[in-house]
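Note sheet for the following structure.
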Amino acid sequence: MSQNVMITGAGKAVGLGFNMVLRYLEAGDNVVATVRKPCAELEELKTKYGNKLTILIMDIGSTESVQAAAEELSKKLSNLDLLINNAVSVSPDCDKGFFDANLDYIAQTVDITAVGAMRVIKAFYPLLKKSEMTALIMNISSEAGSISKCYRTNLIDYGMAKAALNMATMNLVNTFKGDKSINIFCVHPGWIRTDGKPDNPAPLSSYEAAEILRLLFEKKRNDFDGHRFITNLDEDYPF
Ligand SMILES: NC(=O)c1ccc[n+]([C@@H]2O[C@H](COP(=O)([O-])OP(=O)(O)OC[C@H]3O[C@@H](n4cnc5c(N)ncnc54)[C@H](OP(=O)(O)O)[C@@H]3O)[C@@H](O)[C@H]2O)c1
C-alpha cells in the first residue's frame with residue numbers, strides 16, 4: 001500500500017533529503033518535498049512523477065512559514081503517514097574549536113535544526129493524526145549529537161543542535177506515550193557523501209543511504225518499546 005511521506009530540506013540534489021524523495025517515489029509512494037527555494041532537479045522529478053510529488057516551500061526557521069505550508073498541504077492531502085525531519089543548518093564556524101568559533105552563531109543552528117523540527121511536527125501533527133496506519137516521525141540526527149560519546153572539540157553548534165533534537169525526540173516520546181497512532185525516533189543516518197564529492201571518504205552515497213533508511217523506517221513504525229536513538233543499521237546508539 002502506498003503511503004504519504006513528507007521530507008524536509010529536499011532541495012539539494014546530492015543531499016540525503018532529495019535522494020530520500022527519489023527513493024520513496026521509486027517505491028510508489030506519494031511524496032511531499034519541502035524546500036526553501038525552487039530546485040531544478042525536483043522540478044525534473046515533478047515532470048516525471050506528476051501528482052505523486054508535491055513540492056512545498058517552507059522555511060523551518062519561521063513558525064509562520066511552517067504553519068502556512070501545513071495549511072497549504074492540508075488542502076491537497078488528507079493525511080501524512082511518515083514525516084522525515086532532514087533539514088539542517090550549520091554555521092560558518094562549524095569546523096572551529098571553542099577558542100576560535102563565534103559562539104553567537106550557535107543559537108541559529110539550534111533554532112533551525114532542533115526547534116525547526118519541532119515546529120514542523122507541531123504544525124503537521126493534525127495531518128499525521130489522520131493517518132490510517134501508525135504515523136511515523138523520523139528525526140535525522142547524528143552520532144555527533146550523542147553527549148555520552150562526544151570526542152570532538154569542533155562541530156560545537158552542530159553537536160549541540162543534534163543533542164537538542166535528540167532531547168526533543170525524547171520529550172515527544174513522553175508526550176505521545178500510550179498513543180499507538182504515532183511513533184517517533186531519532187536516527188544517525190550513517191556516514192554519507194552528501195556533498196556529492198567522489199573524494200569524500202564516507203562509504204555511502206546519498207542514494208544508497210536513502211534506501212537503507214527507507215527500509216529501516218518501515219521496520220521501526222510499530223516499535224514502541226525500543227531505544228529511541230538508532231543508527232541506519234538499526235543499532236541502539238547512546239544519547
Ligand atoms: N553526511 C553525513 O555523513 C551525515 C552524518 C550524520 C547526519 N547527517 C544528517 O543527514 C541530514 C542530511 O544531510 P545533508 O548534508 O544532505 O544536509 P544539508 O544539505 O546540509 O541540509 C539539508 C537541507 O536543509 C535545508 N535547510 C537549511 N536551513 C533550512 C531552513 N531554515 N528551512 C528549511 N530547510 C533548511 C537546506 O536547504 P537549502 O538548500 O535551501 O539551503 C538543505 O537542502 C542532515 O540532517 C545531517 O545532519 C549527515
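In the C-alpha cells, the first chain shown is A, the next is B, and so on; residue numbers restart at 1 for each chain, and ligands run from 1 in the order shown.
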
Sel. of strand (DSSP E or B) residues, segment 79-166 of chain A, as number ranges by chain: A: 82-85, 135-140

Just want the residues within 9 Å of ligand 1, written as a PyMOL selection string, counting only C-alpha atoms and all ligand atoms. chain A and resi 8-19+34-39+57-62+66+85-90+109+111-113+116+139-144+158+162+187-195+202-204+206

Which residue of A:Asp179, A:Asp100, A:Glu26, A:Asp234 approaches Lys48 of chain A most closely, using only C-alpha atoms: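 Nearest candidate to Lys48 of chain A out of A:Asp179, A:Asp100, A:Glu26, A:Asp234: A:Glu26.
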
Ile147 of chain A environment, 9 Å, only C-alpha atoms, sequence neighbours closer than 6 positions dropped, as a CSV table (one decimal) with C-alpha atoms, in the first residue's frame:
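Ended up saving to part-v1.csv:
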```
chain,number,residue,atom,x,y,z
A,159,GLY,CA,26.6,18.7,18.1
A,160,MET,CA,24.6,21.0,20.3
A,163,ALA,CA,21.7,16.8,21.0
A,238,PRO,CA,23.7,6.1,23.3
A,239,PHE,CA,22.3,9.5,23.9
```

Where in segment 2-239 of chain A does DSSP assign helix (DSSP H, G or I), given as a tab-separated table (two decimals) with C-alpha atoms, in the first residue's frame?
```tsv
chain	number	residue	atom	x	y	z
A	16	LEU	CA	20.13	12.96	1.61
A	17	GLY	CA	16.72	14.66	1.55
A	18	PHE	CA	16.49	14.80	-2.24
A	19	ASN	CA	17.63	11.18	-2.53
A	20	MET	CA	15.03	10.04	0.01
A	21	VAL	CA	12.41	11.83	-2.10
A	22	LEU	CA	13.66	9.87	-5.11
A	23	ARG	CA	13.68	6.51	-3.28
A	24	TYR	CA	10.13	6.93	-1.96
A	25	LEU	CA	8.89	7.95	-5.41
A	26	GLU	CA	10.60	4.91	-6.93
A	40	ALA	CA	15.51	22.48	-10.73
A	41	GLU	CA	16.20	18.78	-10.02
A	42	LEU	CA	12.98	18.48	-8.01
A	43	GLU	CA	11.08	20.12	-10.88
A	44	GLU	CA	12.51	17.40	-13.17
A	45	LEU	CA	11.18	14.75	-10.77
A	46	LYS	CA	7.81	16.53	-10.82
A	47	THR	CA	7.72	16.24	-14.60
A	48	LYS	CA	8.38	12.52	-14.32
A	49	TYR	CA	6.19	11.64	-11.32
A	50	GLY	CA	3.40	14.24	-11.68
A	51	ASN	CA	0.86	14.22	-8.81
A	52	LYS	CA	2.89	11.68	-6.84
A	63	THR	CA	6.74	29.34	12.58
A	64	GLU	CA	4.60	31.39	10.15
A	65	SER	CA	6.19	29.72	7.14
A	66	VAL	CA	5.74	26.24	8.64
A	67	GLN	CA	2.11	26.89	9.56
A	68	ALA	CA	1.36	28.31	6.11
A	69	ALA	CA	2.92	25.22	4.50
A	70	ALA	CA	0.82	22.93	6.71
A	71	GLU	CA	-2.35	24.80	5.77
A	72	GLU	CA	-1.47	24.60	2.08
A	73	LEU	CA	-0.77	20.87	2.29
A	74	SER	CA	-3.98	20.12	4.21
A	103	LEU	CA	29.57	31.47	19.73
A	104	ASP	CA	26.82	33.81	18.59
A	105	TYR	CA	26.25	31.51	15.61
A	106	ILE	CA	25.17	28.61	17.80
A	107	ALA	CA	21.63	29.71	18.60
A	108	GLN	CA	20.61	29.86	14.94
A	109	THR	CA	21.92	26.36	14.24
A	110	VAL	CA	19.96	25.01	17.20
A	111	ASP	CA	16.89	27.01	16.18
A	112	ILE	CA	16.81	25.60	12.65
A	113	THR	CA	17.95	22.06	13.35
A	114	ALA	CA	16.14	21.24	16.59
A	115	VAL	CA	13.39	23.81	17.12
A	116	GLY	CA	12.68	23.72	13.38
A	117	ALA	CA	11.90	20.00	13.51
A	118	MET	CA	9.56	20.65	16.46
A	119	ARG	CA	7.79	23.44	14.56
A	120	VAL	CA	7.21	21.02	11.70
A	121	ILE	CA	5.92	18.24	13.96
A	122	LYS	CA	3.52	20.64	15.71
A	123	ALA	CA	2.12	22.16	12.52
A	124	PHE	CA	1.74	18.83	10.67
A	125	TYR	CA	0.50	16.86	13.70
A	126	PRO	CA	-3.17	17.09	12.60
A	127	LEU	CA	-2.26	15.50	9.24
A	128	LEU	CA	-0.17	12.81	10.97
A	129	LYS	CA	-3.10	12.03	13.29
A	143	GLU	CA	26.26	10.47	16.15
A	144	ALA	CA	27.64	13.99	16.72
A	145	GLY	CA	24.56	14.64	18.88
A	156	ILE	CA	30.08	22.72	18.56
A	157	ASP	CA	26.93	24.21	17.03
A	158	TYR	CA	26.07	21.06	15.08
A	159	GLY	CA	26.62	18.73	18.06
A	160	MET	CA	24.57	20.97	20.35
A	161	ALA	CA	21.79	21.17	17.76
A	162	LYS	CA	21.62	17.41	17.25
A	163	ALA	CA	21.73	16.78	21.02
A	164	ALA	CA	18.81	19.21	21.31
A	165	LEU	CA	16.98	17.36	18.53
A	166	ASN	CA	17.52	14.11	20.44
A	167	MET	CA	16.10	15.70	23.58
A	168	ALA	CA	13.11	16.97	21.61
A	169	THR	CA	12.56	13.43	20.36
A	170	MET	CA	12.53	12.01	23.89
A	171	ASN	CA	10.20	14.75	25.10
A	172	LEU	CA	7.80	13.79	22.31
A	173	VAL	CA	8.15	10.08	23.10
A	174	ASN	CA	6.79	11.02	26.52
A	175	THR	CA	4.16	13.36	25.07
A	206	SER	CA	23.15	9.73	-0.59
A	207	TYR	CA	21.17	7.45	-2.92
A	208	GLU	CA	22.48	4.30	-1.17
A	209	ALA	CA	21.92	5.76	2.31
A	210	ALA	CA	18.37	6.78	1.42
A	211	GLU	CA	17.32	3.22	0.58
A	212	ILE	CA	18.87	1.80	3.77
A	213	LEU	CA	16.85	4.34	5.74
A	214	ARG	CA	13.64	3.73	3.79
A	215	LEU	CA	13.75	0.02	4.62
A	216	LEU	CA	14.73	0.69	8.24
A	217	PHE	CA	11.89	3.14	8.81
A	218	GLU	CA	9.23	0.61	7.82
A	219	LYS	CA	10.76	-1.86	10.26
A	220	LYS	CA	10.51	0.65	13.11
```

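Atom CA of Lys149 of chain A is found 27.1 Å from atom CA of Leu83 of chain A.
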
Two-atom distance - atom CA of Lys76 of chain A, atom CA of Ala33 of chain A (Å):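 Distance reported for this atom pair: 13.6 Å.
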
Find, counting only C-alpha atoms, the residue in A:Gly178, A:Pro92, A:Gly97, A:Gly196 that gets nearest to Asp225 of chain A. A:Gly178

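Of the listed residues A:Asn102, A:Thr231, A:Thr134, A:Thr54, the one whose atoms come nearest to Ser181 of chain A is A:Thr134, with distances taken using only C-alpha atoms.
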